[in-house]
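Here is the file start.cif (mmCIF, C-alpha atoms and all ligand atoms).
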data_query
loop_
_atom_site.label_atom_id
_atom_site.label_comp_id
_atom_site.auth_asym_id
_atom_site.auth_seq_id
_atom_site.Cartn_x
_atom_site.Cartn_y
_atom_site.Cartn_z
CA MET A 1 68.25 0.75 -98.54
CA GLU A 2 71.39 2.90 -98.31
CA LEU A 3 70.92 4.22 -101.84
CA LYS A 4 74.02 6.44 -101.87
CA LYS A 5 76.23 3.60 -100.69
CA THR A 6 74.69 1.34 -103.34
CA THR A 7 75.17 3.72 -106.27
CA ASP A 8 78.72 4.54 -105.13
CA PHE A 9 79.49 0.85 -104.99
CA ILE A 10 78.17 0.22 -108.52
CA HIS A 11 80.12 3.22 -109.89
CA ASP A 12 83.30 1.80 -108.36
CA LEU A 13 82.56 -1.70 -109.61
CA TYR A 14 82.25 -0.60 -113.24
CA GLY A 15 84.55 2.43 -112.99
CA THR A 16 82.37 4.75 -115.11
CA ASP A 17 80.28 7.86 -114.43
CA PHE A 18 77.29 6.37 -116.15
CA VAL A 19 76.71 2.65 -115.66
CA PRO A 20 74.36 1.10 -118.25
CA LEU A 21 72.26 -1.99 -117.57
CA SER A 22 73.73 -4.33 -120.16
CA VAL A 23 75.95 -3.42 -123.09
CA PRO A 24 77.91 -5.72 -125.42
CA VAL A 25 81.69 -6.12 -125.29
CA PHE A 26 83.85 -6.78 -128.33
CA ILE A 27 87.28 -8.07 -127.40
CA GLY A 28 87.96 -10.69 -130.05
CA ASN A 29 87.71 -11.35 -133.78
CA GLU A 30 84.58 -9.26 -134.42
CA LYS A 31 86.25 -6.72 -136.73
CA LYS A 32 88.32 -9.34 -138.48
CA TYR A 33 85.31 -11.50 -139.32
CA LEU A 34 83.18 -8.52 -140.35
CA ASN A 35 85.94 -7.32 -142.67
CA GLU A 36 86.13 -10.77 -144.14
CA CYS A 37 82.41 -10.59 -145.00
CA ILE A 38 82.88 -7.27 -146.75
CA ASP A 39 86.09 -8.28 -148.52
CA THR A 40 84.45 -11.43 -149.87
CA THR A 41 81.08 -9.64 -150.53
CA PHE A 42 79.31 -12.35 -148.52
CA VAL A 43 77.33 -10.02 -146.28
CA SER A 44 73.87 -11.43 -146.76
CA SER A 45 72.00 -14.68 -146.42
CA VAL A 46 74.72 -16.99 -147.71
CA GLY A 47 78.20 -17.38 -146.33
CA LYS A 48 80.49 -19.47 -144.23
CA PHE A 49 79.79 -17.70 -140.93
CA VAL A 50 76.14 -18.77 -140.96
CA ASP A 51 77.13 -22.43 -141.18
CA ARG A 52 79.98 -22.00 -138.73
CA PHE A 53 77.86 -20.19 -136.16
CA GLU A 54 75.29 -22.97 -136.27
CA ALA A 55 77.97 -25.64 -135.94
CA ASP A 56 79.70 -23.79 -133.09
CA MET A 57 76.40 -23.40 -131.24
CA GLU A 58 75.59 -27.09 -131.72
CA LYS A 59 78.86 -27.91 -130.05
CA TYR A 60 78.44 -25.31 -127.31
CA THR A 61 74.91 -26.36 -126.35
CA ASN A 62 75.36 -30.05 -127.21
CA SER A 63 72.42 -30.02 -129.65
CA SER A 64 72.17 -32.14 -132.77
CA ARG A 65 71.05 -29.15 -134.81
CA ALA A 66 71.03 -25.38 -134.41
CA VAL A 67 69.26 -23.07 -136.87
CA VAL A 68 69.84 -19.31 -136.92
CA CYS A 69 67.05 -16.76 -137.28
CA VAL A 70 66.85 -12.99 -137.67
CA SER A 71 65.63 -12.52 -134.10
CA GLY A 72 64.83 -14.41 -130.94
CA THR A 73 61.19 -13.54 -131.48
CA ASN A 74 61.01 -15.31 -134.83
CA ALA A 75 63.05 -18.21 -133.46
CA LEU A 76 60.25 -18.57 -130.89
CA HIS A 77 57.55 -18.16 -133.54
CA MET A 78 59.09 -20.96 -135.60
CA SER A 79 59.73 -23.12 -132.53
CA LEU A 80 56.07 -23.01 -131.54
CA MET A 81 55.00 -23.82 -135.08
CA LEU A 82 57.44 -26.71 -135.29
CA ALA A 83 56.18 -28.01 -131.94
CA GLY A 84 52.77 -28.32 -133.61
CA VAL A 85 51.00 -25.26 -132.18
CA GLU A 86 48.14 -24.23 -134.45
CA ARG A 87 45.58 -21.45 -134.65
CA GLY A 88 43.14 -21.69 -131.75
CA ASP A 89 45.41 -23.75 -129.49
CA GLU A 90 46.29 -22.68 -125.97
CA VAL A 91 49.85 -22.31 -124.73
CA LEU A 92 50.76 -22.31 -121.03
CA THR A 93 53.28 -19.65 -120.14
CA GLN A 94 54.18 -17.05 -117.53
CA ALA A 95 52.90 -13.48 -117.20
CA LEU A 96 56.32 -12.51 -115.90
CA THR A 97 58.13 -12.38 -119.23
CA PHE A 98 59.20 -10.11 -122.04
CA ILE A 99 56.49 -9.42 -124.60
CA ALA A 100 58.24 -11.47 -127.31
CA THR A 101 57.10 -14.76 -125.74
CA CYS A 102 53.45 -13.80 -126.17
CA ASN A 103 53.88 -12.04 -129.50
CA ALA A 104 55.37 -15.21 -130.96
CA LEU A 105 52.44 -17.41 -129.98
CA SER A 106 50.00 -14.73 -131.10
CA TYR A 107 51.48 -14.77 -134.64
CA ILE A 108 50.18 -18.33 -134.90
CA GLY A 109 46.77 -17.39 -133.53
CA ALA A 110 47.28 -19.30 -130.29
CA TYR A 111 46.09 -18.11 -126.87
CA PRO A 112 48.33 -17.77 -123.83
CA VAL A 113 47.28 -19.06 -120.42
CA PHE A 114 49.29 -17.27 -117.75
CA LEU A 115 50.41 -19.31 -114.77
CA ASP A 116 52.44 -18.45 -111.73
CA VAL A 117 56.21 -18.54 -111.28
CA ASP A 118 58.31 -20.02 -108.48
CA ARG A 119 59.89 -17.84 -105.84
CA ASP A 120 63.29 -19.53 -106.21
CA THR A 121 63.53 -19.33 -110.04
CA MET A 122 61.29 -16.41 -111.15
CA GLY A 123 60.23 -18.82 -113.92
CA LEU A 124 57.14 -20.93 -114.65
CA SER A 125 56.19 -23.09 -111.68
CA PRO A 126 55.62 -26.83 -112.31
CA VAL A 127 53.34 -26.82 -109.26
CA ALA A 128 51.20 -24.05 -110.74
CA VAL A 129 51.10 -25.85 -114.10
CA LYS A 130 50.04 -29.12 -112.49
CA LYS A 131 47.41 -27.40 -110.39
CA TRP A 132 45.92 -25.54 -113.34
CA LEU A 133 45.89 -28.63 -115.54
CA SER A 134 44.28 -30.84 -112.94
CA ASN A 135 41.53 -28.27 -112.29
CA ASN A 136 40.93 -27.04 -115.81
CA SER A 137 41.79 -29.67 -118.37
CA GLU A 138 40.55 -33.00 -119.62
CA MET A 139 42.23 -35.62 -121.78
CA LYS A 140 40.50 -36.95 -124.90
CA ASN A 141 42.33 -39.56 -126.96
CA GLY A 142 45.64 -38.51 -125.48
CA VAL A 143 45.09 -34.83 -126.24
CA CYS A 144 44.75 -32.19 -123.53
CA TYR A 145 41.82 -29.76 -123.73
CA ASN A 146 40.81 -26.78 -121.65
CA LYS A 147 37.45 -27.88 -120.19
CA ARG A 148 36.02 -24.37 -120.21
CA THR A 149 37.07 -23.13 -123.65
CA GLY A 150 37.24 -26.49 -125.40
CA ARG A 151 40.56 -25.49 -126.92
CA ARG A 152 43.50 -27.85 -127.24
CA VAL A 153 46.36 -27.16 -124.83
CA LYS A 154 49.26 -27.88 -127.12
CA ALA A 155 52.43 -26.41 -125.67
CA CYS A 156 54.06 -24.89 -122.64
CA VAL A 157 56.64 -22.10 -122.83
CA PRO A 158 58.63 -21.60 -119.65
CA MET A 159 61.06 -18.68 -119.70
CA HIS A 160 64.38 -18.85 -117.88
CA THR A 161 64.03 -15.42 -116.34
CA PHE A 162 67.21 -13.31 -116.42
CA GLY A 163 69.14 -16.55 -117.06
CA HIS A 164 67.87 -18.57 -114.08
CA PRO A 165 66.60 -22.00 -115.17
CA VAL A 166 63.11 -23.14 -114.17
CA HIS A 167 62.55 -26.50 -112.43
CA LEU A 168 62.78 -28.48 -115.66
CA ASP A 169 62.60 -32.05 -114.35
CA GLU A 170 59.37 -31.38 -112.48
CA LEU A 171 57.89 -29.39 -115.36
CA ILE A 172 58.75 -32.07 -117.92
CA ALA A 173 57.11 -34.72 -115.74
CA VAL A 174 53.83 -32.74 -115.62
CA LEU A 175 53.85 -31.99 -119.34
CA LYS A 176 54.44 -35.66 -120.17
CA GLU A 177 51.41 -36.65 -118.15
CA TYR A 178 49.23 -34.28 -120.21
CA ASN A 179 51.00 -34.82 -123.53
CA ILE A 180 51.97 -31.13 -123.84
CA GLU A 181 55.02 -29.99 -125.83
CA LEU A 182 57.79 -28.15 -124.01
CA VAL A 183 59.17 -25.13 -125.89
CA GLU A 184 61.75 -23.30 -123.79
CA ASP A 185 62.09 -19.57 -124.19
CA ALA A 186 65.84 -19.63 -123.53
CA ALA A 187 66.25 -16.16 -125.03
CA GLU A 188 68.00 -14.91 -121.90
CA SER A 189 69.82 -18.04 -120.86
CA ILE A 190 72.68 -18.82 -123.23
CA GLY A 191 75.41 -20.17 -120.95
CA SER A 192 72.89 -21.29 -118.29
CA TYR A 193 72.69 -24.95 -117.36
CA TYR A 194 70.16 -27.08 -115.52
CA LYS A 195 71.81 -30.15 -113.96
CA GLY A 196 74.70 -29.82 -116.38
CA LYS A 197 72.59 -29.58 -119.53
CA HIS A 198 72.27 -26.36 -121.53
CA THR A 199 68.94 -24.55 -121.30
CA GLY A 200 66.90 -24.57 -124.50
CA THR A 201 67.75 -28.23 -125.20
CA PHE A 202 65.15 -29.98 -123.05
CA GLY A 203 62.20 -29.98 -125.44
CA ARG A 204 62.07 -30.94 -129.10
CA VAL A 205 62.94 -27.32 -129.88
CA GLY A 206 64.02 -24.29 -127.87
CA ALA A 207 64.82 -20.66 -128.74
CA ILE A 208 67.71 -18.33 -127.93
CA SER A 209 68.18 -14.59 -128.61
CA PHE A 210 71.28 -12.67 -129.67
CA ASN A 211 69.81 -9.19 -129.33
CA GLY A 212 72.22 -6.39 -128.44
CA ASN A 213 71.52 -6.53 -124.70
CA LYS A 214 71.85 -10.31 -124.34
CA THR A 215 74.91 -12.21 -123.06
CA ILE A 216 76.35 -12.51 -126.57
CA THR A 217 75.05 -10.57 -129.53
CA THR A 218 74.86 -10.75 -133.31
CA GLY A 219 73.43 -7.22 -133.46
CA GLY A 220 70.03 -8.83 -133.76
CA GLY A 221 69.39 -12.51 -134.09
CA GLY A 222 68.10 -15.73 -132.67
CA MET A 223 68.50 -19.46 -132.86
CA MET A 224 66.51 -22.65 -132.56
CA LEU A 225 68.07 -25.68 -130.88
CA PHE A 226 67.04 -29.24 -131.78
CA ASN A 227 67.79 -32.75 -130.62
CA ASP A 228 65.89 -34.10 -133.61
CA GLU A 229 68.06 -33.57 -136.70
CA GLU A 230 65.19 -34.09 -139.08
CA LEU A 231 63.07 -31.41 -137.43
CA GLY A 232 66.12 -29.12 -137.46
CA ALA A 233 66.60 -29.67 -141.18
CA TYR A 234 62.92 -28.88 -141.75
CA ALA A 235 63.32 -25.70 -139.66
CA LYS A 236 66.18 -24.61 -141.87
CA HIS A 237 64.05 -25.25 -144.92
CA ILE A 238 61.00 -23.24 -143.88
CA THR A 239 63.04 -20.33 -142.46
CA THR A 240 64.77 -19.95 -145.83
CA GLN A 241 61.67 -19.57 -148.05
CA ALA A 242 61.20 -23.35 -148.30
CA LYS A 243 63.23 -23.42 -151.49
CA ILE A 244 64.07 -26.79 -152.95
CA PRO A 245 67.85 -26.73 -153.42
CA HIS A 246 68.74 -26.39 -157.09
CA ARG A 247 71.45 -24.50 -158.94
CA TRP A 248 69.06 -22.25 -160.84
CA GLU A 249 65.42 -23.22 -160.35
CA PHE A 250 63.08 -21.37 -157.98
CA LYS A 251 60.83 -24.10 -156.66
CA HIS A 252 59.27 -24.04 -153.21
CA ASP A 253 57.26 -26.74 -151.50
CA HIS A 254 55.79 -24.96 -148.48
CA ILE A 255 54.88 -21.48 -147.24
CA GLY A 256 58.30 -20.31 -146.17
CA TYR A 257 59.71 -17.50 -144.08
CA ASN A 258 62.64 -15.20 -144.73
CA TYR A 259 64.03 -15.62 -141.24
CA ARG A 260 67.62 -16.48 -142.09
CA MET A 261 70.32 -14.56 -140.26
CA PRO A 262 72.67 -12.64 -142.60
CA ASN A 263 76.33 -13.66 -142.75
CA ILE A 264 77.54 -10.38 -141.18
CA ASN A 265 75.44 -11.04 -138.08
CA ALA A 266 76.62 -14.63 -137.91
CA ALA A 267 80.23 -13.38 -138.21
CA LEU A 268 79.68 -11.28 -135.11
CA GLY A 269 78.14 -14.30 -133.41
CA CYS A 270 81.15 -16.53 -134.17
CA ALA A 271 83.51 -13.97 -132.69
CA GLN A 272 81.33 -13.48 -129.61
CA LEU A 273 80.91 -17.20 -129.01
CA GLU A 274 84.70 -17.63 -128.90
CA HIS A 275 84.61 -15.67 -125.63
CA ILE A 276 81.36 -16.80 -124.07
CA GLU A 277 82.99 -18.65 -121.19
CA GLU A 278 84.87 -15.49 -120.15
CA TYR A 279 81.67 -13.48 -120.41
CA VAL A 280 79.66 -15.87 -118.28
CA GLU A 281 82.49 -16.19 -115.75
CA SER A 282 82.70 -12.40 -115.52
CA LYS A 283 78.95 -12.11 -115.02
CA ARG A 284 78.98 -14.79 -112.33
CA GLU A 285 81.85 -13.05 -110.58
CA THR A 286 79.94 -9.75 -110.66
CA ALA A 287 76.91 -11.53 -109.22
CA LYS A 288 79.02 -12.88 -106.37
CA ILE A 289 80.35 -9.40 -105.62
CA TYR A 290 76.79 -8.05 -105.58
CA GLU A 291 75.62 -10.93 -103.40
CA ASP A 292 78.27 -10.15 -100.78
CA PHE A 293 77.63 -6.42 -100.95
CA PHE A 294 73.86 -6.65 -100.55
CA LYS A 295 74.18 -8.95 -97.53
CA ASN A 296 74.98 -5.78 -95.61
CA ILE A 297 72.30 -3.56 -97.15
CA PRO A 298 69.05 -3.54 -95.20
CA ASP A 299 65.78 -4.28 -97.04
CA VAL A 300 67.49 -5.29 -100.28
CA GLU A 301 68.04 -8.91 -101.21
CA PHE A 302 70.17 -10.13 -104.11
CA PHE A 303 68.60 -12.93 -106.18
CA THR A 304 70.86 -15.98 -106.55
CA GLU A 305 70.78 -18.99 -108.88
CA PRO A 306 68.39 -21.89 -108.19
CA GLU A 307 69.71 -25.19 -106.82
CA ASN A 308 71.37 -27.59 -109.30
CA CYS A 309 71.79 -24.78 -111.81
CA ARG A 310 74.57 -22.71 -113.25
CA SER A 311 72.99 -19.39 -114.24
CA ASN A 312 74.55 -16.91 -116.62
CA TYR A 313 73.28 -14.04 -114.44
CA TRP A 314 72.29 -12.22 -117.63
CA LEU A 315 70.62 -9.42 -115.67
CA ASN A 316 71.22 -9.14 -111.97
CA VAL A 317 68.21 -8.78 -109.72
CA VAL A 318 67.60 -7.21 -106.36
CA ILE A 319 64.37 -7.83 -104.49
CA LEU A 320 63.20 -4.95 -102.35
CA LYS A 321 61.72 -6.10 -99.07
CA ASN A 322 59.25 -3.26 -99.00
CA LYS A 323 57.35 -3.05 -102.27
CA ASP A 324 56.62 0.63 -101.73
CA SER A 325 60.31 1.43 -102.08
CA GLN A 326 60.63 0.26 -105.71
CA GLN A 327 59.97 3.74 -107.16
CA GLU A 328 62.39 5.36 -104.73
CA PHE A 329 65.15 2.88 -105.64
CA LEU A 330 64.58 3.41 -109.37
CA GLN A 331 64.41 7.18 -109.02
CA TYR A 332 67.59 7.53 -106.97
CA THR A 333 69.76 5.18 -109.02
CA ASN A 334 68.64 6.52 -112.41
CA ASP A 335 69.10 10.12 -111.18
CA ASN A 336 72.62 9.25 -110.08
CA GLY A 337 74.13 7.61 -113.15
CA VAL A 338 73.27 3.99 -112.40
CA MET A 339 70.81 2.53 -114.86
CA THR A 340 68.23 0.29 -113.21
CA ARG A 341 64.89 -1.03 -114.45
CA PRO A 342 61.79 -2.62 -112.95
CA ILE A 343 60.76 -6.01 -114.32
CA TRP A 344 58.53 -5.97 -117.41
CA GLU A 345 54.91 -4.95 -117.06
CA LEU A 346 53.02 -8.18 -116.50
CA MET A 347 51.44 -9.61 -119.65
CA THR A 348 48.07 -9.71 -117.88
CA ARG A 349 48.25 -5.92 -117.49
CA LEU A 350 48.71 -5.22 -121.21
CA PRO A 351 45.67 -4.48 -123.41
CA MET A 352 46.37 -7.39 -125.80
CA PHE A 353 46.50 -10.00 -123.07
CA GLU A 354 44.47 -8.64 -120.15
CA HIS A 355 41.49 -10.84 -121.01
CA CYS A 356 43.50 -14.05 -121.21
CA GLU A 357 43.06 -16.88 -118.75
CA HIS A 358 45.38 -16.91 -115.73
CA ASP A 359 45.73 -18.34 -112.25
CA GLU A 360 46.16 -16.30 -109.04
CA LEU A 361 49.66 -15.21 -110.10
CA GLU A 362 50.59 -14.69 -106.48
CA ASN A 363 54.39 -14.94 -106.84
CA THR A 364 54.23 -13.19 -110.20
CA VAL A 365 52.68 -10.08 -108.66
CA TRP A 366 55.03 -10.34 -105.68
CA PHE A 367 58.03 -10.14 -108.05
CA ALA A 368 56.51 -7.42 -110.23
CA ASP A 369 56.24 -5.18 -107.18
CA ARG A 370 59.75 -5.83 -105.89
CA VAL A 371 62.24 -6.70 -108.64
CA VAL A 372 64.77 -4.17 -109.85
CA ASN A 373 67.47 -5.04 -112.41
CA ILE A 374 70.86 -3.53 -111.70
CA PRO A 375 73.88 -3.08 -114.02
CA SER A 376 75.07 -6.41 -115.36
CA SER A 377 77.38 -5.87 -118.33
CA VAL A 378 80.40 -8.14 -118.70
CA ARG A 379 83.44 -6.66 -116.98
CA ILE A 380 86.61 -7.59 -118.84
CA LYS A 381 89.73 -6.17 -117.27
C1 LIG B 401 65.15 -11.03 -125.73
C2 LIG B 401 64.00 -11.93 -125.52
C3 LIG B 401 63.34 -12.56 -126.60
C4 LIG B 401 63.71 -12.41 -128.03
O1 LIG B 401 63.96 -11.14 -128.39
P1 LIG B 401 64.60 -10.64 -129.77
O2 LIG B 401 64.86 -9.22 -129.46
O3 LIG B 401 63.55 -10.85 -130.80
O4 LIG B 401 65.84 -11.40 -130.07
C5 LIG B 401 62.32 -13.45 -126.31
N1 LIG B 401 61.94 -13.71 -125.05
C6 LIG B 401 62.54 -13.13 -124.00
C7 LIG B 401 62.11 -13.48 -122.63
C8 LIG B 401 63.59 -12.21 -124.20
O5 LIG B 401 64.17 -11.63 -123.15
#

Hey, can you dump this file as structure tokens for me?
Ligand SMILES: *Cc1c(COP(=O)(O)O)cnc(C)c1O
Amino acid sequence: MELKKTTDFIHDLYGTDFVPLSVPVFIGNEKKYLNECIDTTFVSSVGKFVDRFEADMEKYTNSSRAVVCVSGTNALHMSLMLAGVERGDEVLTQALTFIATCNALSYIGAYPVFLDVDRDTMGLSPVAVKKWLSNNSEMKNGVCYNKRTGRRVKACVPMHTFGHPVHLDELIAVLKEYNIELVEDAAESIGSYYKGKHTGTFGRVGAISFNGNKTITTGGGGMMLFNDEELGAYAKHITTQAKIPHRWEFKHDHIGYNYRMPNINAALGCAQLEHIEEYVESKRETAKIYEDFFKNIPDVEFFTEPENCRSNYWLNVVILKNKDSQQEFLQYTNDNGVMTRPIWELMTRLPMFEHCEHDELENTVWFADRVVNIPSSVRIK
């Protein structure tokens, strides 16, 4: 694996003694906008940056409505609820994901069903979804049920792993056949496109994250994207305590949530979004440099974007040919100032989800044994 050559290369690429996995960069109006919040006292849940950030994201992703949240996790929670997921429903998703996907559906009282991913995307496989549905489900009055548990299969949450889009056309076709709602976990894929369309905009609602390690950050934060303006307006309403607008009265017409992003976080988001194209270009350029470098490193393969996609390369991935070398790779790089990480522990191996239904997860386990994330921060000269 030529570990010394690899760590030397990454040190040179980033030009620092310690190379972190993914850290934010602030090269624009961040301080200016934050000062403006403080100077005007609008630091909290009301202010012009909240509205502007939503409008800017609508334009950027070509959505009819974008609604900010306090985190990507609660954007997902709300998205699932708005897609009609209810207590006792089942939700098809992947075991190869960050815990937030499953936490969000668990808040509603829904059950995950873990299906396999594709080798060329690392994301939920339409073939696996179709296979599971045809073997395990039945349709009654246009509603899909799990034959064994009797539960309704209401939604499907694919996750665009490390910014690489899943096969959306094929997945959408399967879900249509079974009348299942698509809710994209696009937490990692801002700036990633599938056939020219921004990820997170393919279902009625999709969720994005602006956590500190993501491609752009608001400190902490998330967003829901809608094509349906009415549903978007409703999302805004329930994430802001479901208060009926009035100059002084406190009247609410629904159980609401206090999920609204504060103005200071939105200010950061506006400044970050002004530079997103440079960030994504920089990340793609880094990926290309890695791709060329690893062509000459035995037993290590660099993961590249799926066909018909433009990935943001949020976190770069190497696949180790020999699964027994994953620990050695992690040990050497982390001992030598290059931060690397294995992929998340599979959901099916965590105590909360180990009893959940799943398929063979063949590719999922294959990736879990071999993936290592390598430094991926934006490099701005
Ligand atoms: C980051 C992330 C989220 C959301 O995380 P927050 O920290 O709550 O913003 C959700 N799903 C995936 C796959 C993620 O990587």

All residues within 6 Å of ligand LIG 401 (chain B) are required, counting only C-alpha atoms and all ligand atoms; please report them as a ChimeraX atom specification.
/A:71-73,97-98,100-101,185,187-188,209-211,221-222

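The two atoms in question, CA of Asp51 in chain A and CA of Leu225 in chain A, are spaced 14.1 Å apart.
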
Neighbours of Arg379 in chain A within 9 Å (all atoms listed in the file; same-chain residues fewer than 4 positions away dropped), as a VMD selection string?
chain A and resid 13 to 14 25 279 282 to 283 286

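Shortest atom-to-atom contact with Pro262 in chain A among A:Trp344, A:Tyr60, A:Phe42, A:Tyr145: A:Phe42, counting only C-alpha atoms.
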
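The spacing separating CA of Glu90 in chain A from CA of Val127 in chain A amounts to 18.6 Å.
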
Could you give me, as a PyMOL selection string, the residues that sit within 9 Å of (57.6, -22.1, -149.2) in the file's coordinates, counting all atoms listed in the file?
chain A and resi 237-244+251-257

For Pro342 in chain A, which residue out of A:His355, A:Asn146, A:Ile319, A:His246 is the nearest one, using all atoms listed in the file?
A:Ile319

Name all residues at most 10 Å from Lys288 in chain A (count only C-alpha atoms; drop same-chain ones fewer than 5 positions away) and give them as a ChimeraX atom specification.
/A:282-283,293-294,302,304,313

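Put simply, CA of Cys270 in chain A is 22.5 Å away from CA of Ser79 in chain A.
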
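Residue nearest Ala267 in chain A within the list A:Glu36, A:Asp12, A:Asp17, A:Asp359: A:Glu36 [criterion: smallest interatomic distance, only C-alpha atoms].
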
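By chain and then residue number, the residues within 12 Å of Glu360 in chain A are Gln94, Ala95, Val113, Phe114, Leu115, Asp116, Val117, Ala128, Val129, Lys131, Trp132, Thr348, Glu357, His358, Glu362, Asn363, Thr364, Val365 and Trp366 of chain A, counting all atoms listed in the file and disregarding those fewer than 2 positions away in sequence.
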
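Among the candidates A:Phe353, A:Phe367, A:Phe303, A:Tyr33, the residue lying nearest to Gly163 in chain A is A:Phe303 (atoms considered: only C-alpha atoms).
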
Which one of A:Gly200, A:Thr7, A:Arg247, A:Leu273 sits closest to Asn227 in chain A if you count only C-alpha atoms?
A:Gly200

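With all atoms listed in the file taken into account, every residue lying no more than 10 Å from the file point (66.6, -13.3, -114.8) is included here: Thr97, Thr121, Met122, Gly123, Met159, His160, Thr161, Phe162, Gly163, His164, Pro165, Glu188, Ser189, Phe303, Thr304, Glu305, Ser311, Asn312, Tyr313, Trp314, Leu315, Asn316, Val317, Ile343 and Asn373 of chain A.
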
Which residue out of A:Ser376, A:Ser325, A:Ser192, A:Thr218 has the minimum interatomic distance to Thr340 in chain A when all atoms listed in the file are used?
A:Ser376
